[in-house]
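For reference, query-v4.cif is printed below; it contains mmCIF, C-alpha atoms.
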```cif
data_query
#
loop_
_atom_site.label_atom_id
_atom_site.label_comp_id
_atom_site.auth_asym_id
_atom_site.auth_seq_id
_atom_site.Cartn_x
_atom_site.Cartn_y
_atom_site.Cartn_z
CA MET A 1142 -9.95 -57.05 -81.26
CA ARG A 1143 -6.98 -54.64 -81.15
CA ALA A 1144 -9.39 -51.71 -81.70
CA ILE A 1145 -11.00 -52.15 -78.26
CA PRO A 1146 -7.80 -51.59 -76.20
CA LEU A 1147 -6.91 -48.62 -78.36
CA LEU A 1148 -10.38 -47.13 -77.79
CA LEU A 1149 -10.12 -47.61 -74.00
CA ALA A 1150 -6.69 -45.98 -73.92
CA ALA A 1151 -8.01 -42.98 -75.86
CA VAL A 1152 -10.97 -42.54 -73.48
CA LEU A 1153 -8.71 -42.81 -70.38
CA GLY A 1154 -6.27 -40.25 -71.79
CA ALA A 1155 -9.08 -37.79 -72.46
CA ALA A 1156 -10.41 -38.18 -68.89
CA LEU A 1157 -7.01 -37.55 -67.36
CA SER A 1158 -6.52 -34.46 -69.51
CA ALA A 1159 -9.91 -33.08 -68.46
CA GLY A 1160 -9.18 -33.75 -64.75
CA THR A 1161 -5.84 -31.96 -65.01
CA MET A 1162 -7.50 -28.92 -66.59
CA LEU A 1163 -10.21 -28.89 -63.85
CA LEU A 1164 -7.64 -29.03 -61.02
CA GLY A 1165 -5.66 -26.25 -62.62
CA ALA A 1166 -8.75 -24.06 -62.81
CA ARG A 1167 -9.52 -24.72 -59.12
CA ASP A 1168 -5.97 -23.71 -58.13
CA VAL A 1169 -6.30 -20.47 -60.05
CA GLN A 1170 -9.66 -19.75 -58.35
CA ALA A 1171 -8.16 -20.48 -54.91
CA GLN A 1172 -5.26 -18.12 -55.54
CA GLN A 1173 -7.59 -15.39 -56.69
CA ALA A 1174 -9.83 -15.85 -53.61
CA ALA A 1175 -6.86 -15.72 -51.27
CA ALA A 1176 -5.67 -12.49 -52.87
CA SER A 1177 -9.06 -10.82 -52.51
CA ALA A 1178 -9.90 -12.11 -48.96
CA PRO A 1179 -9.26 -9.72 -45.98
CA PRO A 1180 -6.26 -10.59 -43.79
CA ASP A 1181 -6.85 -12.76 -40.72
CA PRO A 1182 -6.73 -10.49 -37.60
CA HIS A 1183 -5.51 -13.39 -35.48
CA ALA A 1184 -2.67 -14.39 -37.76
CA ALA A 1185 0.84 -13.72 -36.48
CA PRO A 1186 2.50 -11.30 -38.96
CA ALA A 1187 6.23 -11.20 -39.47
CA GLY A 1188 6.45 -7.57 -38.29
CA LEU A 1189 3.88 -5.41 -36.51
CA SER A 1190 3.24 -1.86 -37.63
CA GLN A 1191 0.95 0.70 -36.05
CA SER A 1192 -1.78 -0.12 -38.55
CA ASP A 1193 -1.43 -3.84 -37.73
CA ILE A 1194 -1.88 -3.15 -34.01
CA ALA A 1195 -4.90 -0.93 -34.69
CA ARG A 1196 -6.39 -3.71 -36.84
CA MET A 1197 -5.77 -6.47 -34.26
CA LEU A 1198 -7.16 -4.57 -31.24
CA PRO A 1199 -10.92 -4.70 -30.63
CA ALA A 1200 -12.65 -1.79 -32.33
CA THR A 1201 -15.50 -1.55 -29.82
CA ASP A 1202 -13.95 1.05 -27.51
CA MET A 1203 -11.50 2.90 -29.73
CA GLY A 1204 -12.13 6.63 -29.70
CA ALA A 1205 -13.89 6.58 -26.36
CA GLY A 1206 -11.85 9.55 -25.25
CA ALA A 1207 -13.41 11.73 -27.95
CA ALA A 1208 -16.88 10.88 -26.71
CA ARG A 1209 -15.89 11.72 -23.15
CA ALA A 1210 -14.49 15.09 -24.21
CA GLY A 1211 -17.93 16.14 -25.38
CA ASN A 1212 -19.83 14.73 -22.43
CA PRO A 1213 -18.20 14.08 -19.04
CA HIS A 1214 -21.13 11.80 -18.10
CA PRO A 1215 -21.70 9.67 -21.23
CA ALA A 1216 -24.11 6.78 -21.12
CA ALA A 1217 -22.75 3.25 -21.25
CA MET A 1218 -22.22 2.04 -24.83
CA ASP A 1219 -24.59 -0.68 -26.02
CA ASP A 1220 -21.85 -2.95 -27.35
CA SER A 1221 -19.54 -2.49 -24.36
CA PRO A 1222 -20.87 -2.73 -20.79
CA ALA A 1223 -18.84 -0.25 -18.77
CA THR A 1224 -17.26 -1.03 -15.38
CA PRO A 1225 -15.92 2.30 -14.04
CA PHE A 1226 -16.59 4.60 -11.13
CA ASP A 1227 -19.34 7.14 -11.71
CA ALA A 1228 -17.66 9.84 -13.79
CA ALA A 1229 -14.17 8.78 -12.74
CA SER A 1230 -11.60 11.12 -14.26
CA ILE A 1231 -8.75 9.93 -16.47
CA PRO A 1232 -5.38 11.19 -15.20
CA ALA A 1233 -2.95 12.83 -17.58
CA ASN A 1234 0.31 11.01 -18.25
CA PRO A 1235 3.22 13.50 -18.45
CA LEU A 1236 5.20 11.02 -20.56
CA ALA A 1237 2.36 10.64 -23.11
CA PRO A 1238 0.53 13.98 -23.22
CA GLU A 1239 -1.12 13.31 -26.62
CA ALA A 1240 -2.53 9.88 -25.71
CA ASP A 1241 -6.25 9.25 -25.96
CA ALA A 1242 -8.54 6.87 -24.06
CA ILE A 1243 -9.24 3.56 -25.81
CA GLY A 1244 -11.50 1.72 -23.36
CA ALA A 1245 -11.31 -1.29 -21.10
CA LYS A 1246 -11.90 -3.94 -23.78
CA SER A 1247 -8.78 -2.89 -25.61
CA CYS A 1248 -6.77 -3.31 -22.39
CA VAL A 1249 -8.26 -6.73 -21.62
CA ALA A 1250 -7.29 -7.96 -25.10
CA CYS A 1251 -3.67 -8.15 -23.87
CA HIS A 1252 -3.95 -8.03 -20.07
CA ALA A 1253 -6.34 -10.93 -19.49
CA GLN A 1254 -4.61 -12.13 -16.32
CA GLU A 1255 -4.65 -8.67 -14.75
CA ASN A 1256 -8.34 -8.42 -15.58
CA VAL A 1257 -9.06 -11.67 -13.70
CA GLN A 1258 -7.11 -10.49 -10.64
CA ALA A 1259 -8.72 -7.06 -10.62
CA SER A 1260 -12.19 -8.57 -10.83
CA HIS A 1261 -11.82 -9.69 -7.19
CA SER A 1262 -10.65 -6.30 -5.91
CA LEU A 1263 -12.61 -3.60 -4.13
CA HIS A 1264 -11.81 -1.06 -6.82
CA MET A 1265 -13.33 -3.18 -9.58
CA ALA A 1266 -16.44 -3.71 -7.46
CA ALA A 1267 -16.71 0.07 -7.12
CA PHE A 1268 -16.18 0.50 -10.88
CA ARG A 1269 -19.11 -1.81 -11.54
CA ALA A 1270 -21.27 0.02 -8.98
CA GLY A 1271 -20.72 3.32 -10.79
CA ALA A 1272 -21.06 1.97 -14.32
CA ALA A 1273 -24.47 3.50 -15.02
CA ASN A 1274 -23.36 7.02 -15.91
CA THR A 1275 -19.93 6.53 -17.49
CA GLY A 1276 -18.44 4.99 -20.58
CA PRO A 1277 -15.93 2.15 -20.90
CA GLN A 1278 -12.93 4.48 -21.02
CA ALA A 1279 -13.05 5.09 -17.25
CA ALA A 1280 -12.23 1.57 -16.04
CA CYS A 1281 -8.54 0.70 -16.49
CA GLU A 1282 -7.64 4.18 -17.65
CA SER A 1283 -9.06 5.82 -14.53
CA CYS A 1284 -5.79 4.81 -12.87
CA HIS A 1285 -3.37 4.08 -15.70
CA GLY A 1286 -4.17 7.08 -17.89
CA PRO A 1287 -5.11 7.13 -21.60
CA GLY A 1288 -3.78 4.05 -23.38
CA SER A 1289 -3.64 4.81 -27.11
CA ALA A 1290 0.11 5.49 -27.09
CA HIS A 1291 0.75 2.34 -25.09
CA ALA A 1292 -1.39 0.27 -27.46
CA LYS A 1293 0.61 1.49 -30.45
CA ASP A 1294 3.97 0.76 -28.81
CA PRO A 1295 3.45 -1.66 -25.88
CA THR A 1296 7.15 -2.15 -25.17
CA ALA A 1297 8.03 1.53 -24.78
CA PRO A 1298 8.29 2.46 -21.07
CA GLY A 1299 6.32 5.35 -19.66
CA LEU A 1300 3.52 5.46 -22.25
CA ILE A 1301 1.11 4.19 -19.60
CA ILE A 1302 1.09 5.16 -15.92
CA GLY A 1303 2.78 2.32 -14.04
CA PHE A 1304 2.67 1.73 -10.30
CA THR A 1305 6.02 0.03 -9.72
CA HIS A 1306 9.46 1.40 -8.94
CA ASP A 1307 10.90 0.07 -12.19
CA SER A 1308 8.36 1.96 -14.28
CA ARG A 1309 9.15 5.37 -15.71
CA THR A 1310 6.23 6.96 -13.86
CA SER A 1311 7.43 9.11 -10.96
CA PRO A 1312 6.15 8.47 -7.42
CA GLN A 1313 4.59 11.94 -7.47
CA THR A 1314 2.50 11.04 -10.51
CA GLN A 1315 1.53 7.70 -9.00
CA ALA A 1316 0.40 9.31 -5.75
CA GLY A 1317 -1.43 12.02 -7.68
CA VAL A 1318 -3.56 9.38 -9.39
CA CYS A 1319 -4.62 7.88 -6.06
CA LEU A 1320 -5.20 11.25 -4.42
CA ALA A 1321 -7.53 12.24 -7.25
CA CYS A 1322 -10.13 10.09 -5.48
CA HIS A 1323 -8.66 9.61 -2.00
CA ALA A 1324 -7.72 13.19 -1.17
CA GLY A 1325 -8.54 14.74 2.18
CA GLY A 1326 -9.37 13.05 5.42
CA ALA A 1327 -6.51 10.96 6.76
CA ARG A 1328 -4.44 11.85 3.69
CA GLN A 1329 -4.60 15.62 3.95
CA HIS A 1330 -1.02 15.76 5.27
CA TRP A 1331 0.53 13.41 2.70
CA ILE A 1332 2.28 16.24 0.87
CA GLY A 1333 5.42 16.98 2.86
CA SER A 1334 5.19 13.90 5.07
CA ILE A 1335 8.24 11.77 5.78
CA HIS A 1336 6.93 8.96 3.57
CA GLN A 1337 6.31 11.31 0.67
CA ASN A 1338 9.75 12.90 1.05
CA ARG A 1339 11.40 9.46 1.01
CA GLY A 1340 9.94 8.76 -2.43
CA LEU A 1341 7.27 6.25 -1.42
CA SER A 1342 4.22 5.74 -3.59
CA CYS A 1343 0.82 4.43 -2.56
CA THR A 1344 1.50 1.00 -4.09
CA ASP A 1345 4.44 0.44 -1.75
CA CYS A 1346 1.83 -0.28 0.92
CA HIS A 1347 -1.34 -0.95 -1.11
CA ASN A 1348 -2.23 -3.31 -3.94
CA PRO A 1349 -5.53 -2.25 -5.52
CA MET A 1350 -5.33 -4.98 -8.19
CA ALA A 1351 -5.63 -7.95 -5.82
CA ARG A 1352 -7.50 -8.75 -2.62
CA LEU A 1353 -4.63 -9.63 -0.29
CA SER A 1354 -6.08 -8.19 2.93
CA PRO A 1355 -9.54 -8.11 4.53
CA GLU A 1356 -9.66 -4.32 4.23
CA GLY A 1357 -7.60 -1.40 3.01
CA ALA A 1358 -6.39 -3.01 -0.26
CA LEU A 1359 -3.03 -3.65 1.43
CA ALA A 1360 0.00 -5.18 -0.22
CA LYS A 1361 0.15 -7.77 2.59
CA SER A 1362 -2.36 -9.48 4.81
CA SER A 1363 -2.22 -6.96 7.70
CA ILE A 1364 -1.21 -3.40 8.52
CA ASN A 1365 1.56 -4.57 10.85
CA GLU A 1366 3.16 -6.70 8.15
CA VAL A 1367 3.11 -3.79 5.72
CA CYS A 1368 4.83 -1.47 8.20
CA ALA A 1369 7.37 -4.16 9.15
CA THR A 1370 8.53 -4.29 5.53
CA CYS A 1371 10.58 -1.14 6.18
CA HIS A 1372 10.48 -0.68 9.97
CA GLN A 1373 12.12 -3.96 10.92
CA ASP A 1374 13.95 -2.40 13.88
CA ILE A 1375 10.62 -1.36 15.40
CA ARG A 1376 9.12 -4.74 14.67
CA ALA A 1377 11.96 -6.42 16.57
CA LYS A 1378 11.14 -4.41 19.70
CA PHE A 1379 7.78 -6.12 19.94
CA ASN A 1380 9.64 -9.38 20.61
CA ARG A 1381 11.02 -8.00 23.88
CA ARG A 1382 9.78 -9.07 27.28
CA SER A 1383 7.53 -6.08 27.82
CA HIS A 1384 5.69 -4.87 24.72
CA MET A 1385 2.46 -3.47 23.45
CA PRO A 1386 -0.07 -6.21 22.51
CA LEU A 1387 0.60 -5.76 18.81
CA PRO A 1388 1.95 -9.30 18.13
CA GLU A 1389 -1.15 -10.67 19.82
CA GLY A 1390 -3.34 -8.84 17.33
CA GLN A 1391 -4.99 -6.54 19.88
CA MET A 1392 -3.72 -3.37 18.23
CA ALA A 1393 -2.09 -2.15 15.02
CA CYS A 1394 0.50 0.44 14.06
CA THR A 1395 -2.26 2.73 12.83
CA ASP A 1396 -3.76 2.92 16.32
CA CYS A 1397 -1.02 5.45 17.13
CA HIS A 1398 0.38 6.48 13.73
CA ASN A 1399 -1.07 7.83 10.52
CA PRO A 1400 1.16 6.52 7.70
CA HIS A 1401 -0.37 8.99 5.25
CA GLY A 1402 1.07 11.96 7.12
CA SER A 1403 0.41 14.14 10.14
CA ILE A 1404 1.68 17.35 11.72
CA THR A 1405 4.20 15.44 13.86
CA LYS A 1406 7.51 13.94 12.81
CA PRO A 1407 6.70 10.37 13.97
CA LEU A 1408 3.36 10.57 12.12
CA LEU A 1409 1.28 10.47 15.30
CA LYS A 1410 -2.49 10.62 14.98
CA THR A 1411 -2.67 13.31 17.69
CA ASP A 1412 -0.72 16.49 18.32
CA THR A 1413 1.64 15.08 20.97
CA VAL A 1414 2.99 11.79 22.30
CA ASN A 1415 1.06 12.18 25.54
CA GLU A 1416 -2.24 12.78 23.79
CA THR A 1417 -1.66 9.57 21.84
CA CYS A 1418 -0.96 7.60 25.02
CA TYR A 1419 -3.96 9.10 26.81
CA THR A 1420 -6.18 7.58 24.12
CA CYS A 1421 -5.87 4.28 26.00
CA HIS A 1422 -4.28 5.30 29.33
CA ALA A 1423 -6.86 7.88 30.34
CA GLU A 1424 -6.10 7.43 34.05
CA LYS A 1425 -2.69 9.02 33.48
CA ARG A 1426 -4.15 12.15 31.90
CA GLY A 1427 -4.94 14.14 35.03
CA PRO A 1428 -5.05 16.99 35.87
CA PHE A 1429 -3.30 16.23 39.15
CA LEU A 1430 -2.82 18.35 42.24
CA PHE A 1431 0.84 17.34 42.23
CA GLU A 1432 2.29 16.67 38.79
CA HIS A 1433 5.51 14.87 37.93
CA ALA A 1434 7.32 17.14 35.47
CA PRO A 1435 8.91 14.53 33.14
CA VAL A 1436 5.59 12.69 32.98
CA ARG A 1437 3.69 15.78 31.89
CA GLN A 1438 6.39 16.63 29.36
CA ASN A 1439 6.64 13.35 27.45
CA CYS A 1440 5.80 9.74 28.22
CA LEU A 1441 8.89 8.73 26.24
CA ASN A 1442 11.12 10.16 28.98
CA CYS A 1443 10.52 6.95 30.91
CA HIS A 1444 8.90 4.49 28.48
CA ASP A 1445 9.86 2.84 25.20
CA VAL A 1446 6.44 2.46 23.70
CA HIS A 1447 7.33 -0.28 21.19
CA GLY A 1448 8.97 -2.70 23.59
CA SER A 1449 11.50 -3.02 26.39
CA ASN A 1450 13.30 -5.68 28.39
CA GLN A 1451 12.42 -3.74 31.57
CA GLN A 1452 9.13 -3.83 33.39
CA THR A 1453 6.24 -1.70 32.09
CA LEU A 1454 8.11 -0.62 28.97
CA LEU A 1455 10.68 1.39 30.96
CA VAL A 1456 13.78 2.63 29.15
CA ALA A 1457 16.02 1.70 32.12
CA PRO A 1458 15.61 -0.33 35.32
CA ILE A 1459 14.54 1.29 38.57
CA PRO A 1460 16.28 2.90 40.48
CA MET A 1461 18.68 3.77 37.62
CA LEU A 1462 15.87 5.39 35.70
CA CYS A 1463 14.91 7.65 38.64
CA GLN A 1464 18.54 8.60 39.27
CA GLN A 1465 18.83 10.13 35.84
CA CYS A 1466 17.13 13.14 37.46
CA HIS A 1467 17.21 12.54 41.22
CA THR A 1468 20.50 12.50 43.18
CA MET A 1469 19.08 10.81 46.26
CA THR A 1470 18.00 14.05 47.96
CA ARG A 1471 16.75 13.37 51.53
CA HIS A 1472 18.06 9.87 51.10
CA PRO A 1473 21.54 8.53 51.99
CA ASN A 1474 23.69 10.54 49.64
CA ASP A 1475 24.93 7.73 47.44
CA LEU A 1476 23.96 6.93 43.91
CA GLN A 1477 22.73 3.42 43.21
CA SER A 1478 24.65 1.64 40.46
CA ALA A 1479 25.31 -1.87 39.21
CA SER A 1480 27.81 -2.34 42.05
CA ASN A 1481 24.91 -2.12 44.53
CA LEU A 1482 23.11 -5.08 43.03
CA GLY A 1483 23.18 -8.47 44.71
CA THR A 1484 25.99 -9.65 42.47
CA GLY A 1485 28.08 -6.49 42.93
CA PRO A 1486 30.82 -5.68 45.47
CA PHE A 1487 28.56 -3.33 47.51
CA PRO A 1488 25.05 -4.86 47.69
CA ASP A 1489 22.31 -2.47 48.78
CA GLU A 1490 18.80 -3.53 49.69
CA ARG A 1491 17.28 -0.47 48.04
CA SER A 1492 18.97 -1.27 44.79
CA MET A 1493 18.20 -4.98 44.95
CA GLY A 1494 14.57 -4.30 45.81
CA ARG A 1495 14.21 -1.63 43.13
CA GLY A 1496 12.21 0.15 45.77
CA CYS A 1497 11.50 3.67 44.44
CA LEU A 1498 7.95 2.79 43.47
CA SER A 1499 7.36 0.98 46.75
CA CYS A 1500 7.05 4.38 48.43
CA HIS A 1501 6.45 6.73 45.48
CA ALA A 1502 3.52 4.69 44.18
CA ASN A 1503 1.65 7.43 42.28
CA ILE A 1504 4.64 8.47 40.19
CA HIS A 1505 2.48 9.80 37.34
CA GLY A 1506 0.82 12.34 39.65
CA SER A 1507 -1.13 12.61 42.86
CA ASN A 1508 -4.31 14.30 44.00
CA ASN A 1509 -3.72 13.55 47.67
CA PRO A 1510 -3.12 16.69 49.84
CA SER A 1511 -0.25 14.88 51.52
CA GLY A 1512 1.24 13.54 48.30
CA PRO A 1513 3.79 16.10 46.99
CA LYS A 1514 6.31 13.25 46.85
CA PHE A 1515 3.76 11.03 45.11
CA HIS A 1516 3.48 8.77 48.14
CA LYS A 1517 -0.31 8.64 47.86
#
```
Once more with this new file: its structure as structure tokens, please.
Amino acid sequence: MRAIPLLLAAVLGAALSAGTMLLGARDVQAQQAAASAPPDPHAAPAGLSQSDIARMLPATDMGAGAARAGNPHPAAMDDSPATPFDAASIPANPLAPEADAIGAKSCVACHAQENVQASHSLHMAAFRAGAANTGPQAACESCHGPGSAHAKDPTAPGLIIGFTHDSRTSPQTQAGVCLACHAGGARQHWIGSIHQNRGLSCTDCHNPMARLSPEGALAKSSINEVCATCHQDIRAKFNRRSHMPLPEGQMACTDCHNPHGSITKPLLKTDTVNETCYTCHAEKRGPFLFEHAPVRQNCLNCHDVHGSNQQTLLVAPIPMLCQQCHTMTRHPNDLQSASNLGTGPFPDERSMGRGCLSCHANIHGSNNPSGPKFHK
């Protein structure tokens, strides 16, 4: 009877010994498989080297710059649908002269949010429209320059062309990228303009990565809001009693000015102030048989075009405005001043009535044979 328990104990001990040997063999096989398996590209290593970054980035577009060097109009790659302009050029980055193009997929691997925002922009729509004859390198890098140096060291400033003031890219380089496609036309006088000399870049007024305005890829919802970012003193004038219908939305700053540069100091769209005003006020153009000299010289002699607290945008109330030139010739020889107003010590009906234009009605000029004094 004692032999049976001893036999069972011997069998159980043998089974446990065999199980232990089997588990040990499996552990050895697992360790060997782990040593021979390739590293996981999505694992977070303790320290990143250049080879680690090259291994983690998508390999579909790497070396696209070499293909473009041999053919400026390469066909779209089969494994990477391209989204660039047709044969869009890649600007050189002065801070990374040896960098090479790596393609849009490599950029999207890190900049997923920027890719979503740009997908709604006019530029990205144009990139897709011209995708038939170009490779993937001409999408992101058409504006930001070749990205291989930036991919190897993403935290180093200046290795990619940035479009912000805190980037190492100079405003001249930023504007040069935009002018590579948008040169000429309204921008032919950008070089040397007041905005260019003040160190402004295109992205101070435009945001090509997001659709914030109905047109123009503006940084704000309207042209007037963009201009008011810097020209707040001018914007305040439109709150005065007499003003151009800009706050009402009937005109914009660009109706008179070209922010990209012109041959005039105030960036007018025409050669002179008067030519700009005549665009809308054609009845003041003339020619007249009798011309009013200050009117023909400059409309700003009498008007503040952005806004005034006087009637019809005048820079001073009548008759004070007229008396800046006229000393009451053929009139009672006394100058009208604030003392001649109704609240002053010497009230005068001509001053209270502001009556110059009551008689001199055609002050901008007259074609009447009897109108040398602009009466008719």
Selection under test: the PyMOL selection byres ((chain A and resi 1414-1423) around 8); residues as a PDB file with C-alpha atoms, in the frame of the given file:
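Output (selection37.pdb):
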```
ATOM      1  CA  CYS A1397      -1.020   5.450  17.130  1.00  0.00           C
ATOM      2  CA  LEU A1409       1.280  10.470  15.300  1.00  0.00           C
ATOM      3  CA  LYS A1410      -2.490  10.620  14.980  1.00  0.00           C
ATOM      4  CA  THR A1411      -2.670  13.310  17.690  1.00  0.00           C
ATOM      5  CA  ASP A1412      -0.720  16.490  18.320  1.00  0.00           C
ATOM      6  CA  THR A1413       1.640  15.080  20.970  1.00  0.00           C
ATOM      7  CA  GLU A1424      -6.100   7.430  34.050  1.00  0.00           C
ATOM      8  CA  LYS A1425      -2.690   9.020  33.480  1.00  0.00           C
ATOM      9  CA  ARG A1426      -4.150  12.150  31.900  1.00  0.00           C
ATOM     10  CA  ARG A1437       3.690  15.780  31.890  1.00  0.00           C
ATOM     11  CA  GLN A1438       6.390  16.630  29.360  1.00  0.00           C
ATOM     12  CA  ASN A1439       6.640  13.350  27.450  1.00  0.00           C
ATOM     13  CA  CYS A1440       5.800   9.740  28.220  1.00  0.00           C
ATOM     14  CA  LEU A1441       8.890   8.730  26.240  1.00  0.00           C
TER      15      LEU A1441
END
```
Can you tell me how far atom CA of A:Ala1358 sits from atom CA of A:His1285, in Å to one decimal?
->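 Separation of atom CA of A:Ala1358 and atom CA of A:His1285: 17.3 Å.
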Distance atom CA of A:Pro1355-atom CA of A:Ser1283, one decimal place?
->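 These two atoms are separated by 23.6 Å.
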For A:Gly1402, which residue among A:Gly1288, A:Gly1244, A:Pro1298, A:Gly1333 is the nearest when counting all atoms listed in the file?
->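 Smallest distance to A:Gly1402 is found for A:Gly1333.
Candidate residues A:Ser1403, A:Ser1354, A:Ser1480, A:Thr1453 were compared for distance to A:Glu1366, and the nearest is A:Ser1354, using only C-alpha atoms.
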Atomic separation - atom CA of A:Asp1307 relative to atom CA of A:Asp1193, Å = 28.6 Å
Find, counting all atoms listed in the file, the residue in A:Lys1246, A:His1501, A:His1444, A:His1516 that gets nearest to A:His1384.
->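 Among A:Lys1246, A:His1501, A:His1444, A:His1516, it is A:His1444 that comes nearest to A:His1384.
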From the list A:Gln1329, A:Asn1234, A:Gln1258, A:Ser1511, which residue is nearest A:Thr1310 when using all atoms listed in the file?
->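 With all atoms listed in the file as the atom set, the closest residue is A:Asn1234.
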Using all atoms listed in the file: which of A:Asn1442, A:Ser1311, A:Thr1305, A:Gln1254 has the shortest distance to A:Leu1454 |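 Nearest to A:Leu1454: A:Asn1442.
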Test item: residues at most 9 Å from A:Leu1430, only C-alpha atoms, excluding those fewer than 2 positions along its chain, as JSON, numbers by chain = {"A": [1427, 1428, 1432, 1506, 1507, 1508, 1509, 1510, 1512, 1513]}
Would you output that residue set with C-alpha atoms, as a PDB file, in the coordinates of the input?
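Writing the result to selection00.pdb gives the following:
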```pdb
ATOM      1  CA  GLY A1427      -4.940  14.140  35.030  1.00  0.00           C
ATOM      2  CA  PRO A1428      -5.050  16.990  35.870  1.00  0.00           C
ATOM      3  CA  GLU A1432       2.290  16.670  38.790  1.00  0.00           C
ATOM      4  CA  GLY A1506       0.820  12.340  39.650  1.00  0.00           C
ATOM      5  CA  SER A1507      -1.130  12.610  42.860  1.00  0.00           C
ATOM      6  CA  ASN A1508      -4.310  14.300  44.000  1.00  0.00           C
ATOM      7  CA  ASN A1509      -3.720  13.550  47.670  1.00  0.00           C
ATOM      8  CA  PRO A1510      -3.120  16.690  49.840  1.00  0.00           C
ATOM      9  CA  GLY A1512       1.240  13.540  48.300  1.00  0.00           C
ATOM     10  CA  PRO A1513       3.790  16.100  46.990  1.00  0.00           C
TER      11      PRO A1513
END
```
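Excluding A:Glu1389 itself and any same-chain residue fewer than 3 positions from it, the protein and nucleic acid residues within 12 Å of it, counting all atoms listed in the file, are Asn1365, Phe1379, Asn1380, His1384, Met1385, Pro1386, Met1392 and Ala1393 of chain A.
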Check the smallest atom-to-atom distance from each of A:Gly1357, A:Pro1458, A:Pro1235, A:Pro1287 to A:Thr1314 using all atoms listed in the file, then report the winner.
->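 Using all atoms listed in the file, A:Thr1314 sits closest to A:Pro1235.
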For this file, the PyMOL selection byres ((chain A and resi 1341) around 10) selects which residues, as a count of residues only?
-> 17
